[in-house]
$ cat coords.pdb   # PDB, C-alpha atoms
ATOM      1  CA  MET H   1     -12.429  -6.792  33.438  1.00  0.00           C
ATOM      2  CA  LYS H   2     -13.589 -10.149  34.746  1.00  0.00           C
ATOM      3  CA  ASP H   3     -13.546 -11.573  31.203  1.00  0.00           C
ATOM      4  CA  LEU H   4     -10.045 -10.216  30.636  1.00  0.00           C
ATOM      5  CA  MET H   5      -8.778 -11.808  33.829  1.00  0.00           C
ATOM      6  CA  LYS H   6     -10.309 -15.117  32.774  1.00  0.00           C
ATOM      7  CA  GLU H   7      -8.545 -14.836  29.423  1.00  0.00           C
ATOM      8  CA  PHE H   8      -5.329 -14.019  31.272  1.00  0.00           C
ATOM      9  CA  GLN H   9      -5.555 -17.221  33.310  1.00  0.00           C
ATOM     10  CA  GLU H  10      -6.454 -19.423  30.343  1.00  0.00           C
ATOM     11  CA  ASN H  11      -4.008 -18.050  27.780  1.00  0.00           C
ATOM     12  CA  PRO H  12      -1.550 -15.602  29.394  1.00  0.00           C
ATOM     13  CA  GLN H  13       0.781 -15.333  26.391  1.00  0.00           C
ATOM     14  CA  ASP H  14      -1.828 -13.848  24.046  1.00  0.00           C
ATOM     15  CA  CYS H  15      -3.895 -11.940  26.593  1.00  0.00           C
ATOM     16  CA  VAL H  16      -4.318  -8.199  26.032  1.00  0.00           C
ATOM     17  CA  ILE H  17      -3.450  -7.570  29.691  1.00  0.00           C
ATOM     18  CA  VAL H  18      -0.057  -9.214  29.245  1.00  0.00           C
ATOM     19  CA  LYS H  19       0.597  -7.142  26.124  1.00  0.00           C
ATOM     20  CA  LEU H  20      -0.398  -4.019  28.039  1.00  0.00           C
ATOM     21  CA  MET H  21       1.901  -4.904  30.932  1.00  0.00           C
ATOM     22  CA  VAL H  22       4.844  -5.602  28.636  1.00  0.00           C
ATOM     23  CA  ASN H  23       4.361  -2.301  26.813  1.00  0.00           C
ATOM     24  CA  LEU H  24       4.091  -0.395  30.091  1.00  0.00           C
ATOM     25  CA  LEU H  25       7.243  -2.004  31.445  1.00  0.00           C
ATOM     26  CA  GLN H  26       9.058  -1.356  28.170  1.00  0.00           C
ATOM     27  CA  LEU H  27       7.946   2.280  28.244  1.00  0.00           C
ATOM     28  CA  SER H  28       9.226   2.717  31.795  1.00  0.00           C
ATOM     29  CA  LYS H  29      12.544   1.146  30.788  1.00  0.00           C
ATOM     30  CA  MET H  30      12.938   3.517  27.838  1.00  0.00           C
ATOM     31  CA  ALA H  31      12.120   6.520  30.026  1.00  0.00           C
ATOM     32  CA  ILE H  32      15.138   6.009  32.296  1.00  0.00           C
ATOM     33  CA  ASN H  33      17.647   8.880  32.036  1.00  0.00           C
ATOM     34  CA  HIS H  34      15.450  10.754  29.554  1.00  0.00           C
ATOM     35  CA  THR H  35      13.620  14.059  29.823  1.00  0.00           C
ATOM     36  CA  GLY H  36      10.283  13.595  31.547  1.00  0.00           C
ATOM     37  CA  GLU H  37      11.423  10.383  33.228  1.00  0.00           C
ATOM     38  CA  LYS H  38       9.550  11.080  36.475  1.00  0.00           C
ATOM     39  CA  ALA H  39       6.263  11.898  34.742  1.00  0.00           C
ATOM     40  CA  VAL H  40       6.441   8.790  32.550  1.00  0.00           C
ATOM     41  CA  LEU H  41       7.265   6.494  35.477  1.00  0.00           C
ATOM     42  CA  GLU H  42       4.447   7.978  37.549  1.00  0.00           C
ATOM     43  CA  ALA H  43       1.990   7.486  34.686  1.00  0.00           C
ATOM     44  CA  VAL H  44       3.138   3.895  34.192  1.00  0.00           C
ATOM     45  CA  GLY H  45       2.829   3.285  37.933  1.00  0.00           C
ATOM     46  CA  SER H  46      -0.719   4.631  37.915  1.00  0.00           C
ATOM     47  CA  CYS H  47      -1.667   2.328  35.045  1.00  0.00           C
ATOM     48  CA  LEU H  48      -0.130  -0.672  36.787  1.00  0.00           C
ATOM     49  CA  GLY H  49      -2.017   0.268  39.929  1.00  0.00           C
ATOM     50  CA  GLU H  50      -5.303   0.324  38.022  1.00  0.00           C
ATOM     51  CA  VAL H  51      -4.650  -3.118  36.550  1.00  0.00           C
ATOM     52  CA  GLY H  52      -3.787  -4.570  39.936  1.00  0.00           C
ATOM     53  CA  PRO H  53      -1.432  -7.401  40.958  1.00  0.00           C
ATOM     54  CA  ILE H  54      -0.202  -9.608  38.112  1.00  0.00           C
ATOM     55  CA  ASP H  55       1.917 -12.761  38.129  1.00  0.00           C
ATOM     56  CA  PHE H  56       4.952 -11.446  36.269  1.00  0.00           C
ATOM     57  CA  SER H  57       6.306 -14.958  35.783  1.00  0.00           C
ATOM     58  CA  THR H  58       3.816 -15.247  32.919  1.00  0.00           C
ATOM     59  CA  ILE H  59       5.486 -12.364  31.095  1.00  0.00           C
ATOM     60  CA  ALA H  60       8.727 -13.957  29.950  1.00  0.00           C
ATOM     61  CA  LEU H  61      11.279 -12.335  27.648  1.00  0.00           C
ATOM     62  CA  PRO H  62      10.385 -14.471  24.602  1.00  0.00           C
ATOM     63  CA  HIS H  63       6.810 -13.204  24.780  1.00  0.00           C
ATOM     64  CA  ASN H  64       8.112  -9.651  24.573  1.00  0.00           C
ATOM     65  CA  LYS H  65       9.902 -10.502  21.328  1.00  0.00           C
ATOM     66  CA  ASN H  66       6.807 -12.115  19.889  1.00  0.00           C
ATOM     67  CA  ILE H  67       4.823  -8.992  20.645  1.00  0.00           C
ATOM     68  CA  SER H  68       7.287  -6.897  18.627  1.00  0.00           C
ATOM     69  CA  TYR H  69       6.960  -9.242  15.668  1.00  0.00           C
ATOM     70  CA  SER H  70       3.177  -9.436  15.807  1.00  0.00           C
ATOM     71  CA  LYS H  71       2.952  -5.679  16.290  1.00  0.00           C
ATOM     72  CA  ALA H  72       5.072  -5.152  13.177  1.00  0.00           C
ATOM     73  CA  ALA H  73       2.671  -7.329  11.196  1.00  0.00           C
ATOM     74  CA  ASP H  74      -0.296  -5.357  12.530  1.00  0.00           C
ATOM     75  CA  LEU H  75       1.237  -2.000  11.629  1.00  0.00           C
ATOM     76  CA  PHE H  76       2.659  -2.786   8.191  1.00  0.00           C
ATOM     77  CA  GLU H  77       1.728  -5.032   5.296  1.00  0.00           C
ATOM     78  CA  ASP H  78       5.090  -4.658   3.573  1.00  0.00           C
ATOM     79  CA  ARG H  79       7.687  -7.153   4.828  1.00  0.00           C
ATOM     80  CA  GLU H  80      10.524  -4.659   4.501  1.00  0.00           C
ATOM     81  CA  LEU H  81       8.702  -2.135   6.696  1.00  0.00           C
ATOM     82  CA  GLN H  82       7.974  -4.859   9.238  1.00  0.00           C
ATOM     83  CA  TRP H  83      11.697  -5.521   9.431  1.00  0.00           C
ATOM     84  CA  VAL H  84      12.364  -1.806   9.832  1.00  0.00           C
ATOM     85  CA  PHE H  85      10.014  -1.676  12.808  1.00  0.00           C
ATOM     86  CA  ILE H  86      11.612  -4.715  14.454  1.00  0.00           C
ATOM     87  CA  MET H  87      15.147  -3.420  13.881  1.00  0.00           C
ATOM     88  CA  LEU H  88      14.307   0.066  15.140  1.00  0.00           C
ATOM     89  CA  THR H  89      12.697  -1.437  18.229  1.00  0.00           C
ATOM     90  CA  LEU H  90      15.897  -3.366  18.941  1.00  0.00           C
ATOM     91  CA  ILE H  91      18.066  -0.327  18.269  1.00  0.00           C
ATOM     92  CA  ASN H  92      15.843   1.861  20.424  1.00  0.00           C
ATOM     93  CA  ASN H  93      16.394  -0.542  23.317  1.00  0.00           C
ATOM     94  CA  ALA H  94      20.154  -0.342  22.728  1.00  0.00           C
ATOM     95  CA  LEU H  95      20.022   3.416  23.315  1.00  0.00           C
ATOM     96  CA  ILE H  96      19.776   2.776  27.055  1.00  0.00           C
ATOM     97  CA  ASP H  97      22.563   0.195  27.195  1.00  0.00           C
ATOM     98  CA  ARG H  98      25.164   0.700  29.915  1.00  0.00           C
ATOM     99  CA  CYS H  99      27.995   0.694  27.380  1.00  0.00           C
ATOM    100  CA  ILE H 100      28.561   4.084  25.758  1.00  0.00           C
ATOM    101  CA  GLU H 101      29.918   2.418  22.600  1.00  0.00           C
ATOM    102  CA  VAL H 102      26.649   0.528  22.183  1.00  0.00           C
ATOM    103  CA  ARG H 103      24.601   3.682  22.707  1.00  0.00           C
ATOM    104  CA  SER H 104      26.739   5.604  20.218  1.00  0.00           C
ATOM    105  CA  ALA H 105      26.456   2.849  17.605  1.00  0.00           C
ATOM    106  CA  ALA H 106      22.698   2.633  18.138  1.00  0.00           C
ATOM    107  CA  ALA H 107      22.338   6.380  17.584  1.00  0.00           C
ATOM    108  CA  ALA H 108      24.376   6.177  14.369  1.00  0.00           C
ATOM    109  CA  CYS H 109      22.234   3.309  13.075  1.00  0.00           C
ATOM    110  CA  LEU H 110      19.018   5.161  13.852  1.00  0.00           C
ATOM    111  CA  LYS H 111      20.115   8.338  12.073  1.00  0.00           C
ATOM    112  CA  ASN H 112      21.225   6.457   8.973  1.00  0.00           C
ATOM    113  CA  ILE H 113      18.190   4.182   8.723  1.00  0.00           C
ATOM    114  CA  LEU H 114      15.694   7.011   9.137  1.00  0.00           C
ATOM    115  CA  ALA H 115      17.575   8.977   6.457  1.00  0.00           C
ATOM    116  CA  THR H 116      17.078   6.278   3.807  1.00  0.00           C
ATOM    117  CA  LYS H 117      14.205   6.013   1.345  1.00  0.00           C
ATOM    118  CA  THR H 118      12.950   2.938   3.185  1.00  0.00           C
ATOM    119  CA  GLY H 119      13.250   4.722   6.513  1.00  0.00           C
ATOM    120  CA  ASN H 120      11.279   7.662   5.171  1.00  0.00           C
ATOM    121  CA  ALA H 121       8.531   5.375   3.841  1.00  0.00           C
ATOM    122  CA  PHE H 122       8.404   3.729   7.260  1.00  0.00           C
ATOM    123  CA  TRP H 123       8.155   7.086   9.020  1.00  0.00           C
ATOM    124  CA  GLU H 124       5.355   8.395   6.801  1.00  0.00           C
ATOM    125  CA  ILE H 125       3.195   5.432   7.800  1.00  0.00           C
ATOM    126  CA  TYR H 126       4.389   5.069  11.373  1.00  0.00           C
ATOM    127  CA  LYS H 127       3.984   8.736  12.343  1.00  0.00           C
ATOM    128  CA  SER H 128       0.200   8.370  12.263  1.00  0.00           C
ATOM    129  CA  LYS H 129       0.322   5.591  14.866  1.00  0.00           C
ATOM    130  CA  ALA H 130      -0.055   6.507  18.508  1.00  0.00           C
ATOM    131  CA  ASP H 131       3.061   4.603  19.512  1.00  0.00           C
ATOM    132  CA  PRO H 132       5.345   5.781  22.368  1.00  0.00           C
ATOM    133  CA  MET H 133       8.477   4.839  20.418  1.00  0.00           C
ATOM    134  CA  LEU H 134       7.830   7.797  18.090  1.00  0.00           C
ATOM    135  CA  ILE H 135       8.962  10.103  20.880  1.00  0.00           C
ATOM    136  CA  TYR H 136      12.355   8.435  21.060  1.00  0.00           C
ATOM    137  CA  LEU H 137      12.884   8.096  17.316  1.00  0.00           C
ATOM    138  CA  HIS H 138      12.003  11.665  16.366  1.00  0.00           C
ATOM    139  CA  PRO H 139      15.285  13.324  17.507  1.00  0.00           C
ATOM    140  CA  PHE H 140      17.208  11.009  15.171  1.00  0.00           C
ATOM    141  CA  ARG H 141      15.227  11.962  12.097  1.00  0.00           C
ATOM    142  CA  MET H 142      17.081  14.554  10.049  1.00  0.00           C
ATOM    143  CA  SER H 143      15.509  16.789   7.416  1.00  0.00           C
ATOM    144  CA  ARG H 144      17.215  15.883   4.142  1.00  0.00           C
ATOM    145  CA  LYS H 145      16.597  16.859   0.536  1.00  0.00           C
ATOM    146  CA  LYS H 146      18.167  13.607  -0.619  1.00  0.00           C
ATOM    147  CA  PHE H 147      17.865  10.150   0.843  1.00  0.00           C
ATOM    148  CA  LEU H 148      20.929   8.389   2.189  1.00  0.00           C
ATOM    149  CA  GLU H 149      22.192   5.863  -0.355  1.00  0.00           C
ATOM    150  CA  VAL H 150      23.784   2.588   0.664  1.00  0.00           C
ATOM    151  CA  PRO H 151      27.265   2.230  -0.935  1.00  0.00           C
ATOM    152  CA  CYS H 152      27.130   0.366  -4.243  1.00  0.00           C
ATOM    153  CA  SER H 153      29.965  -1.913  -3.123  1.00  0.00           C
ATOM    154  CA  ALA H 154      27.529  -3.551  -0.720  1.00  0.00           C
ATOM    155  CA  ARG H 155      25.302  -4.627  -3.611  1.00  0.00           C
ATOM    156  CA  ASP H 156      27.771  -6.664  -5.683  1.00  0.00           C
ATOM    157  CA  THR H 157      27.463 -10.366  -6.500  1.00  0.00           C
ATOM    158  CA  PRO H 158      27.420 -12.478  -3.311  1.00  0.00           C
ATOM    159  CA  SER H 159      30.927 -13.343  -2.170  1.00  0.00           C
ATOM    160  CA  GLU H 160      32.306 -16.858  -2.620  1.00  0.00           C
ATOM    161  CA  THR H 161      33.622 -16.714   0.946  1.00  0.00           C
ATOM    162  CA  LEU H 162      30.126 -17.616   2.127  1.00  0.00           C
ATOM    163  CA  ASP H 163      30.800 -21.158   0.887  1.00  0.00           C
ATOM    164  CA  SER H 164      33.738 -21.523   3.252  1.00  0.00           C
ATOM    165  CA  VAL H 165      33.162 -24.141   5.949  1.00  0.00           C
ATOM    166  CA  SER H 166      35.342 -22.213   8.392  1.00  0.00           C
ATOM    167  CA  LEU H 167      32.976 -19.250   8.188  1.00  0.00           C
ATOM    168  CA  TRP H 168      30.048 -21.279   9.491  1.00  0.00           C
ATOM    169  CA  THR H 169      31.879 -23.178  12.238  1.00  0.00           C
ATOM    170  CA  PRO H 170      33.384 -21.604  15.384  1.00  0.00           C
ATOM    171  CA  GLN H 171      36.461 -23.881  15.360  1.00  0.00           C
ATOM    172  CA  SER H 172      39.046 -22.448  17.778  1.00  0.00           C
ATOM    173  CA  ARG H 173      37.520 -18.969  17.934  1.00  0.00           C
ATOM    174  CA  SER H 174      35.404 -17.610  20.765  1.00  0.00           C
ATOM    175  CA  HIS H 175      31.658 -17.432  20.261  1.00  0.00           C
ATOM    176  CA  ASP H 176      31.688 -13.617  20.143  1.00  0.00           C
ATOM    177  CA  SER H 177      34.454 -13.526  17.555  1.00  0.00           C
ATOM    178  CA  TRP H 178      32.794 -16.152  15.374  1.00  0.00           C
ATOM    179  CA  MET H 179      29.359 -14.540  15.563  1.00  0.00           C
ATOM    180  CA  LYS H 180      30.693 -11.131  14.573  1.00  0.00           C
ATOM    181  CA  SER H 181      32.821 -12.561  11.753  1.00  0.00           C
ATOM    182  CA  LEU H 182      29.832 -14.414  10.322  1.00  0.00           C
ATOM    183  CA  THR H 183      27.603 -11.349  10.582  1.00  0.00           C
ATOM    184  CA  PHE H 184      30.175  -9.078   8.923  1.00  0.00           C
ATOM    185  CA  ALA H 185      30.767 -11.605   6.139  1.00  0.00           C
ATOM    186  CA  LEU H 186      27.056 -11.685   5.342  1.00  0.00           C
ATOM    187  CA  LEU H 187      26.748  -7.901   5.446  1.00  0.00           C
ATOM    188  CA  ASP H 188      29.763  -7.457   3.154  1.00  0.00           C
ATOM    189  CA  SER H 189      28.936 -10.322   0.795  1.00  0.00           C
ATOM    190  CA  GLY H 190      26.562  -8.416  -1.462  1.00  0.00           C
ATOM    191  CA  GLY H 191      23.821 -10.937  -0.789  1.00  0.00           C
ATOM    192  CA  VAL H 192      21.967  -8.688   1.652  1.00  0.00           C
ATOM    193  CA  LYS H 193      19.840  -6.279  -0.381  1.00  0.00           C
ATOM    194  CA  SER H 194      17.929  -4.506   2.379  1.00  0.00           C
ATOM    195  CA  GLU H 195      19.467  -1.083   2.949  1.00  0.00           C
ATOM    196  CA  VAL H 196      18.181  -1.113   6.514  1.00  0.00           C
ATOM    197  CA  LEU H 197      19.965  -4.367   7.328  1.00  0.00           C
ATOM    198  CA  LEU H 198      23.145  -3.133   5.660  1.00  0.00           C
ATOM    199  CA  LEU H 199      23.181  -0.110   7.953  1.00  0.00           C
ATOM    200  CA  LEU H 200      23.188  -2.216  11.124  1.00  0.00           C
ATOM    201  CA  LYS H 201      26.923  -2.887  11.033  1.00  0.00           C
ATOM    202  CA  PRO H 202      27.983  -0.250  13.624  1.00  0.00           C
ATOM    203  CA  LEU H 203      25.836  -1.889  16.283  1.00  0.00           C
ATOM    204  CA  CYS H 204      26.843  -5.391  15.205  1.00  0.00           C
ATOM    205  CA  GLU H 205      30.474  -4.398  15.736  1.00  0.00           C
ATOM    206  CA  VAL H 206      29.963  -3.653  19.420  1.00  0.00           C
ATOM    207  CA  GLN H 207      27.191  -6.008  20.554  1.00  0.00           C
ATOM    208  CA  THR H 208      27.250  -9.755  19.963  1.00  0.00           C
ATOM    209  CA  ASP H 209      23.679 -10.220  21.196  1.00  0.00           C
ATOM    210  CA  PHE H 210      22.491  -7.877  18.476  1.00  0.00           C
ATOM    211  CA  CYS H 211      24.388  -9.929  15.882  1.00  0.00           C
ATOM    212  CA  GLN H 212      22.595 -13.057  17.056  1.00  0.00           C
ATOM    213  CA  THR H 213      19.227 -11.336  16.780  1.00  0.00           C
ATOM    214  CA  VAL H 214      19.677  -9.962  13.262  1.00  0.00           C
ATOM    215  CA  LEU H 215      21.507 -12.994  11.847  1.00  0.00           C
ATOM    216  CA  PRO H 216      18.304 -14.814  10.739  1.00  0.00           C
ATOM    217  CA  TYR H 217      17.254 -11.717   8.785  1.00  0.00           C
ATOM    218  CA  LEU H 218      20.609 -11.572   7.010  1.00  0.00           C
ATOM    219  CA  ILE H 219      20.398 -15.224   6.002  1.00  0.00           C
ATOM    220  CA  HIS H 220      16.743 -14.988   5.005  1.00  0.00           C
TER     221      HIS H 220
END
$ encode --input "coords.pdb" --output "structure tokens"
Amino acid sequence: MKDLMKEFQENPQDCVIVKLMVNLLQLSKMAINHTGEKAVLEAVGSCLGEVGPIDFSTIALPHNKNISYSKAADLFEDRELQWVFIMLTLINNALIDRCIEVRSAAAACLKNILATKTGNAFWEIYKSKADPMLIYLHPFRMSRKKFLEVPCSARDTPSETLDSVSLWTPQSRSHDSWMKSLTFALLDSGGVKSEVLLLLKPLCEVQTDFCQTVLPYLIH
């Protein structure tokens, strides 16, 4: 423990204690308003008590994102499956949003993604991992004889509208309006081939922050 604390002081961002704390805090956040909430919060509290006092200023939000990305790389070799993990993590967090429209859209995205061939491949690998998020994803996984197919219209030749200067500049529009318009244009252009990314539209329609997060993946 002494060595871990020394590592924490020297390099807090990459320390295993910080990663543990972030995961515990994330778990407690996801447990709110869910069955077994009290038991989960008590267990998290016990773990935090064992670790002892920590300077939470070292656990900033950007570090939490980095942990999701690095965790995806640790769990999956395939880039597509890494993206699935990152997207599902984001969607899972949206399930506890205060806005009912966001929660509803997140649930729809989860059901559709897990019903695809890519989602099934992800699940077959991910189900063997002892990850708490499995508990929250499982109710959204439907037993299907056929995989959900993304509409063929979404796989046409990339639209020429992507070359429009007005699409890439806010001009007189609000930031939210511009961000959503750009995201929708990319999703509908035919240039995005990932079926998982194509199925994110319901959540993009109701949450601008989510659009900003997934935008780099759509462009990439």
$ closest_residue --input "coords.pdb" --among "H:Ser28, H:Asn93, H:Thr169, H:Gln82" --to "H:Cys47" --atoms "only C-alpha atoms"
H:Ser28
$ resolve_selection --input "coords.pdb" --expression "the PyMOL selection byres ((chain H and resi 210) around 12)" --output "PDB file with C-alpha atoms, keeping the file's coordinate frame"
ATOM      1  CA  MET H  87      15.147  -3.420  13.881  1.00  0.00           C
ATOM      2  CA  LEU H  88      14.307   0.066  15.140  1.00  0.00           C
ATOM      3  CA  THR H  89      12.697  -1.437  18.229  1.00  0.00           C
ATOM      4  CA  LEU H  90      15.897  -3.366  18.941  1.00  0.00           C
ATOM      5  CA  ILE H  91      18.066  -0.327  18.269  1.00  0.00           C
ATOM      6  CA  ASN H  92      15.843   1.861  20.424  1.00  0.00           C
ATOM      7  CA  ASN H  93      16.394  -0.542  23.317  1.00  0.00           C
ATOM      8  CA  ALA H  94      20.154  -0.342  22.728  1.00  0.00           C
ATOM      9  CA  ASP H  97      22.563   0.195  27.195  1.00  0.00           C
ATOM     10  CA  VAL H 102      26.649   0.528  22.183  1.00  0.00           C
ATOM     11  CA  ALA H 105      26.456   2.849  17.605  1.00  0.00           C
ATOM     12  CA  ALA H 106      22.698   2.633  18.138  1.00  0.00           C
ATOM     13  CA  ASP H 176      31.688 -13.617  20.143  1.00  0.00           C
ATOM     14  CA  MET H 179      29.359 -14.540  15.563  1.00  0.00           C
ATOM     15  CA  LYS H 180      30.693 -11.131  14.573  1.00  0.00           C
ATOM     16  CA  THR H 183      27.603 -11.349  10.582  1.00  0.00           C
ATOM     17  CA  LEU H 197      19.965  -4.367   7.328  1.00  0.00           C
ATOM     18  CA  LEU H 200      23.188  -2.216  11.124  1.00  0.00           C
ATOM     19  CA  LYS H 201      26.923  -2.887  11.033  1.00  0.00           C
ATOM     20  CA  PRO H 202      27.983  -0.250  13.624  1.00  0.00           C
ATOM     21  CA  LEU H 203      25.836  -1.889  16.283  1.00  0.00           C
ATOM     22  CA  CYS H 204      26.843  -5.391  15.205  1.00  0.00           C
ATOM     23  CA  GLU H 205      30.474  -4.398  15.736  1.00  0.00           C
ATOM     24  CA  VAL H 206      29.963  -3.653  19.420  1.00  0.00           C
ATOM     25  CA  GLN H 207      27.191  -6.008  20.554  1.00  0.00           C
ATOM     26  CA  THR H 208      27.250  -9.755  19.963  1.00  0.00           C
ATOM     27  CA  ASP H 209      23.679 -10.220  21.196  1.00  0.00           C
ATOM     28  CA  CYS H 211      24.388  -9.929  15.882  1.00  0.00           C
ATOM     29  CA  GLN H 212      22.595 -13.057  17.056  1.00  0.00           C
ATOM     30  CA  THR H 213      19.227 -11.336  16.780  1.00  0.00           C
ATOM     31  CA  VAL H 214      19.677  -9.962  13.262  1.00  0.00           C
ATOM     32  CA  LEU H 215      21.507 -12.994  11.847  1.00  0.00           C
ATOM     33  CA  PRO H 216      18.304 -14.814  10.739  1.00  0.00           C
ATOM     34  CA  TYR H 217      17.254 -11.717   8.785  1.00  0.00           C
TER      35      TYR H 217
END
$ resolve_selection --input "coords.pdb" --expression "the PyMOL selection byres ((chain H and resi 41) around 10)" --output "CSV table (one decimal) with C-alpha atoms, in the coordinates of the input"
chain,number,residue,atom,x,y,z
H,24,LEU,CA,4.1,-0.4,30.1
H,25,LEU,CA,7.2,-2.0,31.4
H,27,LEU,CA,7.9,2.3,28.2
H,28,SER,CA,9.2,2.7,31.8
H,29,LYS,CA,12.5,1.1,30.8
H,30,MET,CA,12.9,3.5,27.8
H,31,ALA,CA,12.1,6.5,30.0
H,32,ILE,CA,15.1,6.0,32.3
H,36,GLY,CA,10.3,13.6,31.5
H,37,GLU,CA,11.4,10.4,33.2
H,38,LYS,CA,9.6,11.1,36.5
H,39,ALA,CA,6.3,11.9,34.7
H,40,VAL,CA,6.4,8.8,32.6
H,42,GLU,CA,4.4,8.0,37.5
H,43,ALA,CA,2.0,7.5,34.7
H,44,VAL,CA,3.1,3.9,34.2
H,45,GLY,CA,2.8,3.3,37.9
H,46,SER,CA,-0.7,4.6,37.9
H,47,CYS,CA,-1.7,2.3,35.0
$ residues_near_point --input "coords.pdb" --point "(14.4, 11.0, 22.4)" --cutoff "10 Å" --atoms "all atoms listed in the file" --output "list in words"
Met30, Ala31, His34, Thr35, Asn92, Leu95, Met133, Leu134, Ile135, Tyr136, Leu137, His138, Pro139 and Phe140 of chain H
$ resolve_selection --input "coords.pdb" --expression "the PyMOL selection byres ((chain H and resi 141) around 12)" --output "list in words"
Ala107, Ala108, Cys109, Leu110, Lys111, Asn112, Ile113, Leu114, Ala115, Thr116, Gly119, Asn120, Phe122, Trp123, Glu124, Lys127, Leu134, Ile135, Tyr136, Leu137, His138, Pro139, Phe140, Met142, Ser143, Arg144, Phe147 and Leu148 of chain H
$ atom_distance --input "coords.pdb" --atom1 "atom CA of H:Ala130" --atom2 "atom CA of H:Leu48"
19.6 Å
$ atom_distance --input "coords.pdb" --atom1 "atom CA of H:Glu80" --atom2 "atom CA of H:Leu182"
22.4 Å
$ atom_distance --input "coords.pdb" --atom1 "atom CA of H:Glu101" --atom2 "atom CA of H:Trp168"
27.1 Å
$ closest_residue --input "coords.pdb" --among "H:Cys99, H:Leu199, H:Val22, H:Ala72" --to "H:Ile86" --atoms "only C-alpha atoms"
H:Ala72
$ closest_residue --input "coords.pdb" --among "H:Ala121, H:Val150, H:Leu162, H:Leu75" --to "H:Glu195" --atoms "only C-alpha atoms"
H:Val150
$ axis_aligned_box --input "coords.pdb" --around "stretch 21-36 of chain H" --padding-each-side "4 Å" --output "AutoDock Vina command-line options"
--center_x 9.8 --center_y 4.2 --center_z 29.6 --size_x 23.7 --size_y 27.7 --size_z 13.5
$ decode --input "coords.pdb" --residues "stretch 163-174 of chain H" --atoms "N, CA and C atoms" --output "compact mmCIF listing (two decimals), in the first residue's frame"
# COMPACT_ATOMS: atom_id res chain seq x y z
N ASP H 163 -19.34 19.04 -48.43
CA ASP H 163 -18.38 20.02 -48.95
C ASP H 163 -18.85 21.45 -48.74
N SER H 164 -20.07 21.60 -48.25
CA SER H 164 -20.63 22.94 -48.04
C SER H 164 -19.94 23.64 -46.87
N VAL H 165 -19.49 24.86 -47.12
CA VAL H 165 -18.83 25.65 -46.08
C VAL H 165 -19.78 25.95 -44.93
N SER H 166 -21.05 26.19 -45.26
CA SER H 166 -22.03 26.55 -44.24
C SER H 166 -22.26 25.42 -43.24
N LEU H 167 -22.01 24.19 -43.68
CA LEU H 167 -22.20 23.04 -42.79
C LEU H 167 -21.17 23.04 -41.67
N TRP H 168 -19.96 23.51 -41.97
CA TRP H 168 -18.86 23.43 -41.03
C TRP H 168 -18.64 24.71 -40.23
N THR H 169 -19.45 25.73 -40.49
CA THR H 169 -19.32 26.98 -39.74
C THR H 169 -20.66 27.34 -39.10
N PRO H 170 -20.64 27.76 -37.84
CA PRO H 170 -21.88 28.07 -37.12
C PRO H 170 -22.69 29.19 -37.74
N GLN H 171 -22.01 30.20 -38.30
CA GLN H 171 -22.66 31.38 -38.87
C GLN H 171 -23.63 31.99 -37.86
N SER H 172 -24.89 32.17 -38.23
CA SER H 172 -25.84 32.84 -37.33
C SER H 172 -26.60 31.88 -36.43
N ARG H 173 -26.31 30.59 -36.55
CA ARG H 173 -27.02 29.60 -35.75
C ARG H 173 -26.42 29.48 -34.35
N SER H 174 -27.22 28.95 -33.43
CA SER H 174 -26.71 28.69 -32.08
C SER H 174 -25.76 27.50 -32.13
